[in-house]
Protein chains: 4
Amino acid sequence: MLKAGIVGASGYTGVELTRLICRHPGLELTVATSRQYAGQKLAAVFPNLRGLTDIICENISGRELAGRADVFFTAVPHQTAMAIVPELLTAGRKVVDLSADFRIHDPAVYEQWYQAHSARELLSEAVYGLPELYRESIRGARLVANPGCYPTSIILGLAPLLKDGLVRSDNLIIDSKSGATGAGRGAQVGTLYCEVADGFRAYKVAEHRHTPEIEQELSLLTGEDITVSFTPHLLPISRGILSTIYADLKTDVTDDDLFARYEEFYKDEYFVRLCPPGQLPATQYVRGSNFCDIGLKVDPRTKRVIIVSAIDNLVKGAAGQAIQNMNLICGFKENDGLLNIPIFP
Amino acid sequence: MLKAGIVGASGYTGVELTRLICRHPGLELTVATSRQYAGQKLAAVFPNLRGLTDIICENISGRELAGRADVFFTAVPHQTAMAIVPELLTAGRKVVDLSADFRIHDPAVYEQWYQAHSARELLSEAVYGLPELYRESIRGARLVANPGCYPTSIILGLAPLLKDGLVRSDNLIIDSKSGATGAGRGAQVGTLYCEVADGFRAYKVAEHRHTPEIEQELSLLTGEDITVSFTPHLLPISRGILSTIYADLKTDVTDDDLFARYEEFYKDEYFVRLCPPGQLPATQYVRGSNFCDIGLKVDPRTKRVIIVSAIDNLVKGAAGQAIQNMNLICGFKENDGLLNIPIFP
Amino acid sequence: MLKAGIVGASGYTGVELTRLICRHPGLELTVATSRQYAGQKLAAVFPNLRGLTDIICENISGRELAGRADVFFTAVPHQTAMAIVPELLTAGRKVVDLSADFRIHDPAVYEQWYQAHSARELLSEAVYGLPELYRESIRGARLVANPGCYPTSIILGLAPLLKDGLVRSDNLIIDSKSGATGAGRGAQVGTLYCEVADGFRAYKVAEHRHTPEIEQELSLLTGEDITVSFTPHLLPISRGILSTIYADLKTDVTDDDLFARYEEFYKDEYFVRLCPPGQLPATQYVRGSNFCDIGLKVDPRTKRVIIVSAIDNLVKGAAGQAIQNMNLICGFKENDGLLNIPIFP
Amino acid sequence: MLKAGIVGASGYTGVELTRLICRHPGLELTVATSRQYAGQKLAAVFPNLRGLTDIICENISGRELAGRADVFFTAVPHQTAMAIVPELLTAGRKVVDLSADFRIHDPAVYEQWYQAHSARELLSEAVYGLPELYRESIRGARLVANPGCYPTSIILGLAPLLKDGLVRSDNLIIDSKSGATGAGRGAQVGTLYCEVADGFRAYKVAEHRHTPEIEQELSLLTGEDITVSFTPHLLPISRGILSTIYADLKTDVTDDDLFARYEEFYKDEYFVRLCPPGQLPATQYVRGSNFCDIGLKVDPRTKRVIIVSAIDNLVKGAAGQAIQNMNLICGFKENDGLLNIPIFP
């Protein structure tokens, strides 16, 4: 068993990583850090873990931390990650970083949307951890930048169309909706039950920090410099992202044509499930799983295609994809520990 | 007191009409029809009405029905409405029809999206019941076609921009999300609690029947023939529609510029509330009220404006707007019976 | 118009008081205090109030506060209230206090369940503000202690049975369930959307602070010293309390017998709605209203009666009942400003 | 691999059985029946299963059905089950029946609460499938009556207390709350999203059919003839049952004392998790898992103990417990296929 550590175990991504690691055939959770809950059992913080792990939250870092596991998942906020990751790498550890700190290749872009970067030298080394696009690079990496939740749903939804040049790249509109786990576990009025339940809103319109990440990856798919409209919304659900994507078709195609292209593009991908023409994804059908479901519909009236993709933001959008990346780095089967079937209802 | 009748009282629009009529200073509910619940107290079907009305559901029609009230709200499915409305008009009654049957001016368009129309002669007479645009025509009407829920949120959101020619009319993308009351009260597996809760999906992508209604009204605003992309989604909430609308700006403008235009356009409108720059609407802030909240955000990166509008689909999107129309027809104050403040949380 | 002030306007009770006062025929909101949001418009804190009030939150107290209104609603935590209320009374104002500070007549009992009391001298003067039991005393009061949300639902549910001596008083079991607004608007992990949604739990079992309040009032109804089992639970809804109450019948009675007793007991009460035998209340049928719905069922197998009562905890359980009390104090009609029909769905 | 069949695969229990069987190390799903969806892929009915099973719903019965698998899960309504099960047994198959038809040992009691029984001869043979109490009998059974969801949560919660005679058996009060999957997948107005969401109600008070099942098992634990008060409620969640149980203590005990008894009683039970004194269960901490979480609290004021137990009604309350029973019958490890960790949030 490979020893795995979670840095930042007391957030929603932390508990989900723990859930997955506890049932992974080749990983053993040996260290979990949390400043806030140091000294407490993780299963007391998250009683769903009761009886399943004895791990105790610790407030350690640096060498002490690095010595406690072979591989690390860093599930801390951006800016915090860039301080921790270099130490772990220096100590010879492999890291899947779930923050935004190593996703943007261009430090200038990163600094424009976030803040100054203190580990710029790692940006060129870090591999963007979307296995469906970068599997081989990930295998050899020591630092994987786990993609953002929104970008995962969007890039997987658009990749076949952009790669094949089927749609215009200058008029992409992306309307995404996320469950409330995406807002984290911090104590804030805005994410109280009574503020979110039975309601719906857009937020950070035209200024969400996932925008440059989406644009970087879409641009790499086409070789063009792509700018998108991206609007996130907050859904009154805990888990799930659904992205509705509008693209202008360059030629006349049918649903069947496009479905065939997607089938070809994703034919070897276990975690991408395509909805046959006439069917569309829904967040409740991927809940708790690492699947990304994709459906599409050609609108001949407007010569557009509407792509709809759905993921569980905590799994394929965070912890599950991190495990998938770690599986690749460590030589496990890619879906080890990720065979959970979506829970419905 | 004017005597008011509800045709189709046992749906969600019916109970909402009843709630509003019971507190209207000038209306008295004298007849409520329902085939399914004929003979039962409406307050037994909807216990929220317990103690507030003694009205009993009846299965009557034609002359008998017409004789029971001065004004009628027809809250029945399309195709059913076109059979009932002419009889009521012939008997000299005024009607606000909440179905789709009299919203589309061009019978060919209606028949393309719905089915054959048996009362075509009324299409030119019926007034589209969006008071913010057609107040004067409504005042003199005997038949008002109450707008669809989605179209209400969309047309109000776009009207100032299109009227002033500030955005391109050939690239409008409308991503709307509705609560489950929009699907009605029929017993169907698809709208069971466990199918809708904790989930989210798109439906009828590029083929929803509100599309021609939206296009008719946007075209009338500009004089151009407008085609839009319209995607409805099902939210796990009971009430509320939020529409996110993407439009290409023709010129450089700021949020403040556009806000000023909207303020001017809606300066006399009680039921339209504008969100100052930096703020955006949410469905929970209009719940139970007849308000339409509108906010917007200019994205200089893409030269687009994103408009977000929110209504309670059962109020401004159905029963409340119907009362507003009836107020105009009958000479009441436009907001009589519609002063409910949104309930939050 | 009488000038009304809200002390503690930025909690959920505060916004609900504001909603009700804004539509009250005889009250005008002239001052609203909030430390946290001082200087901000209340309608910016709670956008459902957008356009409906221009009131600005202020951080004032003492004489300055007292000078700004004729009557006050104090919606602050216990212990804070006991510092504010005496000053307002001294200045000649009338007060409905929504905290627990003046509900318990016996200071020793109060101090056992809460903490030391700094205004003990007011305990004997304060009137327990349940109009259905204490209407006449309330009319003459200058300080009304607005009942707790749980106690309101429970006392109204049990009063007819206990008053008539129909059930044993030594074996009362009360199982209550409340929506999340009951936990307030403080930023806490425990009431985040993702902690509450799609879940259910008991809390403070056998130690909730509403217990002595319930016992005081039930004891006063019977003249006996009553001890109850009271278990609160947290529902994944925003508004609503449903209490299920188990009582041992002293004699053989039927549902019809008991229903008749309740009808007699509550025959003049506008805000108590009784469910006929065979029907039971539900929180969604009182949402947004000041009604308390009560139903019951005799179980001949166990010789028990099960009473079920439902209220909206923010209305009849807090702000609405406070308005009802103020109406009595100030000589308004008891249901002025409280005619809202429950919103369903 | 043992061949497994599901009779009645298109209900919520059916999809959950499928989810579990698909990941069971020793079972292979070879037949799934559904009248309504005959000829359709089960994964089209339940898109969460997309890509995970190719099984097609069939409308077969009798010998044809029996020939298609080694072991059967019958997930059909009561009365339907009693017609199907004998045929399967006659054909030499093993059956876990998830209906109520074989849970009640006394046919007179069954017929009093349900209807006439056409397979009375099997009542004495059928083993009540609560492994924590009847493990050895289950191992040798060919027909296991899988317990009801409410009874599972209640019997496990009370067993240690009753077995040890620590509480009075004549004053048990059980207040249970269930998610909406318990109401099944039939198209009914009462379980529509808008009827259940944001609401809460009691139903079938003092007359729910699980009552005789609960009383049978509690009576068997004590040797006394026990009658209980049992009140079910409908929660606005999909999965989960929480039962709050009130029992009168015979002697002075502490939380620690009782916790120790429970620990001893359940010391070898993988699926029972005890909450240490001061902690209580919640439905969200068992979601998707086969665990039953139990906590308790002694109330010295009333000399009662309040026990709180939580299960996922579709897993430990239905499909999961059925797998657990099948594991025992077929010689698998008892937790094979049941290692899912609860999903939170």
# chains A, B, ... in the order shown; residues from 1 in each chain; ligands from 1
$ interface_residues --of "chain A" --to "chain D" --cutoff "6 Å" --atoms "only C-alpha atoms" --output "JSON, numbers by chain"
{"A": [47, 48, 285, 342]}
$ select_by_dssp --residues "range 61-263 of chain A" --states "strand (DSSP E or B)" --output "short mmCIF file (atom, residue, chain, number, x, y, z; two decimals) with C-alpha atoms, in the first residue's frame"
data_model
loop_
_atom_site.label_atom_id
_atom_site.label_comp_id
_atom_site.auth_asym_id
_atom_site.auth_seq_id
_atom_site.Cartn_x
_atom_site.Cartn_y
_atom_site.Cartn_z
CA VAL A 71 2.01 10.94 -2.24
CA PHE A 72 0.03 14.04 -1.33
CA PHE A 73 -3.23 15.64 -2.20
CA THR A 74 -3.11 19.35 -1.42
CA LYS A 94 4.46 13.33 -5.69
CA VAL A 95 1.69 15.85 -5.47
CA VAL A 96 -1.75 16.30 -6.93
CA ASP A 97 -2.63 19.90 -6.14
CA VAL A 127 0.87 19.02 -15.78
CA TYR A 128 -2.76 20.01 -16.21
CA LEU A 143 3.19 17.64 -9.83
CA VAL A 144 -0.27 17.51 -11.31
CA ALA A 145 -2.53 20.57 -11.27
CA VAL A 167 -17.57 25.19 -34.41
CA ILE A 173 -21.02 31.06 -24.50
CA ILE A 174 -20.91 28.95 -21.40
CA ASP A 175 -23.66 29.02 -18.81
CA SER A 176 -22.72 26.86 -15.82
CA LYS A 177 -24.58 25.95 -12.66
CA SER A 178 -22.94 24.51 -9.56
CA LEU A 192 -26.20 29.34 4.92
CA ARG A 201 -28.70 33.15 -8.64
CA ALA A 202 -25.83 34.02 -10.94
CA SER A 229 -18.35 34.25 -21.95
CA PHE A 230 -18.59 32.25 -18.76
CA THR A 231 -21.39 32.68 -16.21
CA PRO A 232 -21.50 30.60 -13.04
CA HIS A 233 -24.68 30.15 -11.02
CA LEU A 234 -25.38 28.72 -7.57
CA ILE A 241 -22.27 20.98 -12.02
CA LEU A 242 -24.18 21.26 -15.24
CA SER A 243 -22.76 23.37 -18.03
CA THR A 244 -24.83 24.49 -21.00
CA ILE A 245 -22.58 25.51 -23.84
CA TYR A 246 -23.55 27.37 -27.00
CA ALA A 247 -21.39 27.12 -30.11
CA ASP A 248 -21.95 28.24 -33.71
CA LEU A 249 -21.68 25.39 -36.18
#
$ residues_around --residues "Glu217 in chain C" --least-positions-apart "2" --cutoff "12 Å" --atoms "only C-alpha atoms" --output "count of residues only"
36
$ closest_residue --among "C:Leu258, C:Ala4, C:Val45, C:Cys292" --to "Pro277 in chain C" --atoms "only C-alpha atoms"
C:Leu258
$ residues_around --residues "Ala81 in chain C" --least-positions-apart "4" --cutoff "10 Å" --atoms "only C-alpha atoms" --output "ChimeraX atom specification"
/C:7-8,74-77,85-86,97-102,119
$ write_last_selection --atoms "all heavy atoms" --output "CSV table (one decimal), in the first residue's frame"
chain,number,residue,atom,x,y,z
C,7,VAL,N,-35.3,46.6,16.9
C,7,VAL,CA,-34.0,46.5,17.4
C,7,VAL,C,-33.4,45.1,17.1
C,7,VAL,O,-33.9,44.1,17.5
C,7,VAL,CB,-34.0,46.7,19.0
C,7,VAL,CG1,-32.6,46.6,19.5
C,7,VAL,CG2,-34.7,47.9,19.3
C,8,GLY,N,-32.4,45.1,16.2
C,8,GLY,CA,-31.9,43.8,15.7
C,8,GLY,C,-32.6,43.4,14.4
C,8,GLY,O,-33.2,42.4,14.3
C,74,THR,N,-38.0,44.1,19.9
C,74,THR,CA,-36.6,43.8,20.2
C,74,THR,C,-36.4,42.4,19.8
C,74,THR,O,-36.9,41.4,20.3
C,74,THR,CB,-36.3,44.0,21.7
C,74,THR,OG1,-37.4,43.4,22.5
C,74,THR,CG2,-36.2,45.5,22.1
C,75,ALA,N,-35.6,42.3,18.7
C,75,ALA,CA,-35.3,41.0,18.1
C,75,ALA,C,-33.8,40.7,18.2
C,75,ALA,O,-33.1,40.4,17.2
C,75,ALA,CB,-35.8,41.0,16.6
C,76,VAL,N,-33.4,40.7,19.4
C,76,VAL,CA,-32.0,40.4,19.7
C,76,VAL,C,-31.9,39.2,20.6
C,76,VAL,O,-32.8,38.7,21.1
C,76,VAL,CB,-31.4,41.7,20.4
C,76,VAL,CG1,-31.3,42.9,19.5
C,76,VAL,CG2,-32.1,42.0,21.7
C,77,PRO,N,-30.6,38.6,20.7
C,77,PRO,CA,-30.5,37.4,21.5
C,77,PRO,C,-30.9,37.7,23.0
C,77,PRO,O,-30.8,38.8,23.5
C,77,PRO,CB,-29.0,37.1,21.4
C,77,PRO,CG,-28.5,37.8,20.2
C,77,PRO,CD,-29.4,39.0,20.1
C,85,VAL,N,-34.3,46.5,26.9
C,85,VAL,CA,-35.8,46.7,27.2
C,85,VAL,C,-36.0,47.7,28.3
C,85,VAL,O,-36.9,48.6,28.1
C,85,VAL,CB,-36.4,45.3,27.4
C,85,VAL,CG1,-37.8,45.5,28.0
C,85,VAL,CG2,-36.5,44.5,26.1
C,86,PRO,N,-35.3,47.6,29.4
C,86,PRO,CA,-35.6,48.5,30.5
C,86,PRO,C,-35.5,50.0,30.1
C,86,PRO,O,-36.3,50.9,30.4
C,86,PRO,CB,-34.6,48.2,31.6
C,86,PRO,CG,-34.3,46.7,31.3
C,86,PRO,CD,-34.3,46.6,29.8
C,97,ASP,N,-40.9,42.1,23.2
C,97,ASP,CA,-39.6,41.5,23.2
C,97,ASP,C,-39.6,40.1,22.6
C,97,ASP,O,-40.3,39.2,23.1
C,97,ASP,CB,-39.0,41.5,24.6
C,97,ASP,CG,-37.6,40.8,24.6
C,97,ASP,OD1,-36.8,41.1,23.7
C,97,ASP,OD2,-37.4,39.9,25.5
C,98,LEU,N,-38.8,39.8,21.6
C,98,LEU,CA,-38.9,38.5,20.9
C,98,LEU,C,-37.8,37.5,21.5
C,98,LEU,O,-37.7,36.4,21.0
C,98,LEU,CB,-38.7,38.6,19.4
C,98,LEU,CG,-40.0,39.2,18.7
C,98,LEU,CD1,-39.8,40.7,18.6
C,98,LEU,CD2,-40.2,38.6,17.4
C,99,SER,N,-37.0,38.0,22.5
C,99,SER,CA,-36.1,37.1,23.1
C,99,SER,C,-36.7,36.3,24.2
C,99,SER,O,-37.9,36.4,24.4
C,99,SER,CB,-34.9,37.9,23.7
C,99,SER,OG,-35.2,38.3,25.0
C,100,ALA,N,-35.9,35.5,24.8
C,100,ALA,CA,-36.5,34.6,25.9
C,100,ALA,C,-36.4,35.3,27.3
C,100,ALA,O,-36.9,34.8,28.2
C,100,ALA,CB,-35.6,33.4,26.0
C,101,ASP,N,-35.9,36.6,27.3
C,101,ASP,CA,-35.6,37.2,28.6
C,101,ASP,C,-36.8,37.5,29.5
C,101,ASP,O,-36.6,37.5,30.7
C,101,ASP,CB,-34.8,38.5,28.4
C,101,ASP,CG,-33.3,38.2,28.1
C,101,ASP,OD1,-32.9,37.0,28.2
C,101,ASP,OD2,-32.6,39.1,27.7
C,102,PHE,N,-37.9,37.6,29.0
C,102,PHE,CA,-39.1,38.0,29.8
C,102,PHE,C,-40.2,37.0,29.8
C,102,PHE,O,-41.3,37.2,30.2
C,102,PHE,CB,-39.6,39.4,29.5
C,102,PHE,CG,-38.5,40.4,29.7
C,102,PHE,CD1,-37.7,40.9,28.6
C,102,PHE,CD2,-38.1,40.9,31.0
C,102,PHE,CE1,-36.7,41.8,28.8
C,102,PHE,CE2,-37.1,41.8,31.1
C,102,PHE,CZ,-36.4,42.2,30.0
C,119,ALA,N,-32.7,42.1,34.9
C,119,ALA,CA,-33.9,43.0,35.0
C,119,ALA,C,-35.0,42.1,35.6
C,119,ALA,O,-36.1,42.1,35.1
C,119,ALA,CB,-34.2,43.5,33.6
$ atom_distance --atom1 "CA of Lys41 in chain B" --atom2 "CA of Glu263 in chain C"
19.5 Å
$ atom_distance --atom1 "CA of Arg139 in chain A" --atom2 "CA of Ala322 in chain A"
12.8 Å
$ atom_distance --atom1 "CA of Ala183 in chain B" --atom2 "CA of Gly14 in chain D"
26.3 Å
$ select_by_dssp --residues "range 101-223 of chain D" --states "helix (DSSP H, G or I)" --output "PyMOL selection string"
chain D and resi 107-113+120-122+131-139+149-163+180-183+189-191+193-196+210-222
$ closest_residue --among "D:Glu264, D:Asp312, D:Glu136, D:Glu87" --to "Gly331 in chain D" --atoms "only C-alpha atoms"
D:Glu136
$ decode --residues "range 43-63 of chain D" --atoms "N, CA, C and O atoms" --output "mmCIF file, in the first residue's frame"
data_model
loop_
_atom_site.group_PDB
_atom_site.id
_atom_site.type_symbol
_atom_site.label_atom_id
_atom_site.label_comp_id
_atom_site.auth_asym_id
_atom_site.auth_seq_id
_atom_site.Cartn_x
_atom_site.Cartn_y
_atom_site.Cartn_z
ATOM 1 N N ALA D 43 -30.984 0.901 -17.887
ATOM 2 C CA ALA D 43 -30.150 2.113 -17.837
ATOM 3 C C ALA D 43 -30.790 3.288 -18.568
ATOM 4 O O ALA D 43 -30.354 4.426 -18.402
ATOM 5 N N ALA D 44 -31.811 3.035 -19.369
ATOM 6 C CA ALA D 44 -32.541 4.151 -19.977
ATOM 7 C C ALA D 44 -33.600 4.661 -19.001
ATOM 8 O O ALA D 44 -33.900 5.854 -18.957
ATOM 9 N N VAL D 45 -34.136 3.748 -18.207
ATOM 10 C CA VAL D 45 -35.103 4.155 -17.183
ATOM 11 C C VAL D 45 -34.383 4.928 -16.071
ATOM 12 O O VAL D 45 -34.876 5.934 -15.571
ATOM 13 N N PHE D 46 -33.204 4.447 -15.713
ATOM 14 C CA PHE D 46 -32.404 5.061 -14.648
ATOM 15 C C PHE D 46 -31.033 5.429 -15.216
ATOM 16 O O PHE D 46 -30.094 4.628 -15.139
ATOM 17 N N PRO D 47 -30.901 6.625 -15.753
ATOM 18 C CA PRO D 47 -29.649 6.971 -16.442
ATOM 19 C C PRO D 47 -28.420 6.994 -15.542
ATOM 20 O O PRO D 47 -27.301 7.079 -16.051
ATOM 21 N N ASN D 48 -28.599 6.934 -14.229
ATOM 22 C CA ASN D 48 -27.399 6.796 -13.404
ATOM 23 C C ASN D 48 -26.681 5.483 -13.725
ATOM 24 O O ASN D 48 -25.482 5.348 -13.498
ATOM 25 N N LEU D 49 -27.404 4.500 -14.264
ATOM 26 C CA LEU D 49 -26.813 3.200 -14.597
ATOM 27 C C LEU D 49 -26.194 3.171 -16.001
ATOM 28 O O LEU D 49 -25.646 2.141 -16.410
ATOM 29 N N ARG D 50 -26.261 4.279 -16.695
ATOM 30 C CA ARG D 50 -25.722 4.372 -18.063
ATOM 31 C C ARG D 50 -24.305 3.784 -18.132
ATOM 32 O O ARG D 50 -23.437 4.164 -17.358
ATOM 33 N N GLY D 51 -24.123 2.867 -19.035
ATOM 34 C CA GLY D 51 -22.793 2.315 -19.236
ATOM 35 C C GLY D 51 -22.409 1.241 -18.235
ATOM 36 O O GLY D 51 -21.342 0.637 -18.335
ATOM 37 N N LEU D 52 -23.242 0.980 -17.259
ATOM 38 C CA LEU D 52 -22.861 0.058 -16.196
ATOM 39 C C LEU D 52 -23.606 -1.270 -16.266
ATOM 40 O O LEU D 52 -23.174 -2.257 -15.676
ATOM 41 N N THR D 53 -24.707 -1.306 -16.966
ATOM 42 C CA THR D 53 -25.417 -2.579 -17.154
ATOM 43 C C THR D 53 -26.193 -2.501 -18.456
ATOM 44 O O THR D 53 -26.733 -1.454 -18.810
ATOM 45 N N ASP D 54 -26.216 -3.626 -19.163
ATOM 46 C CA ASP D 54 -26.962 -3.692 -20.423
ATOM 47 C C ASP D 54 -28.308 -4.371 -20.228
ATOM 48 O O ASP D 54 -29.026 -4.617 -21.192
ATOM 49 N N ILE D 55 -28.640 -4.673 -18.985
ATOM 50 C CA ILE D 55 -29.843 -5.473 -18.737
ATOM 51 C C ILE D 55 -31.083 -4.771 -19.285
ATOM 52 O O ILE D 55 -31.202 -3.546 -19.210
ATOM 53 N N ILE D 56 -31.977 -5.569 -19.851
ATOM 54 C CA ILE D 56 -33.218 -5.056 -20.434
ATOM 55 C C ILE D 56 -34.394 -5.544 -19.594
ATOM 56 O O ILE D 56 -34.444 -6.721 -19.202
ATOM 57 N N CYS D 57 -35.311 -4.653 -19.298
ATOM 58 C CA CYS D 57 -36.472 -5.028 -18.499
ATOM 59 C C CYS D 57 -37.349 -6.016 -19.272
ATOM 60 O O CYS D 57 -37.590 -5.844 -20.467
ATOM 61 N N GLU D 58 -37.823 -7.016 -18.553
ATOM 62 C CA GLU D 58 -38.663 -8.029 -19.190
ATOM 63 C C GLU D 58 -39.933 -8.203 -18.383
ATOM 64 O O GLU D 58 -39.971 -7.978 -17.192
ATOM 65 N N ASN D 59 -40.960 -8.642 -19.084
ATOM 66 C CA ASN D 59 -42.209 -8.956 -18.405
ATOM 67 C C ASN D 59 -42.408 -10.465 -18.427
ATOM 68 O O ASN D 59 -43.136 -11.002 -19.262
ATOM 69 N N ILE D 60 -41.693 -11.153 -17.553
ATOM 70 C CA ILE D 60 -41.813 -12.614 -17.501
ATOM 71 C C ILE D 60 -42.101 -13.038 -16.073
ATOM 72 O O ILE D 60 -41.908 -12.275 -15.121
ATOM 73 N N SER D 61 -42.565 -14.265 -15.927
ATOM 74 C CA SER D 61 -42.899 -14.752 -14.592
ATOM 75 C C SER D 61 -42.830 -16.278 -14.582
ATOM 76 O O SER D 61 -42.412 -16.903 -15.564
ATOM 77 N N GLY D 62 -43.198 -16.835 -13.464
ATOM 78 C CA GLY D 62 -43.287 -18.286 -13.327
ATOM 79 C C GLY D 62 -42.002 -19.020 -13.664
ATOM 80 O O GLY D 62 -40.901 -18.581 -13.302
ATOM 81 N N ARG D 63 -42.108 -20.136 -14.337
ATOM 82 C CA ARG D 63 -40.952 -20.969 -14.657
ATOM 83 C C ARG D 63 -39.925 -20.252 -15.492
ATOM 84 O O ARG D 63 -38.727 -20.433 -15.316
#
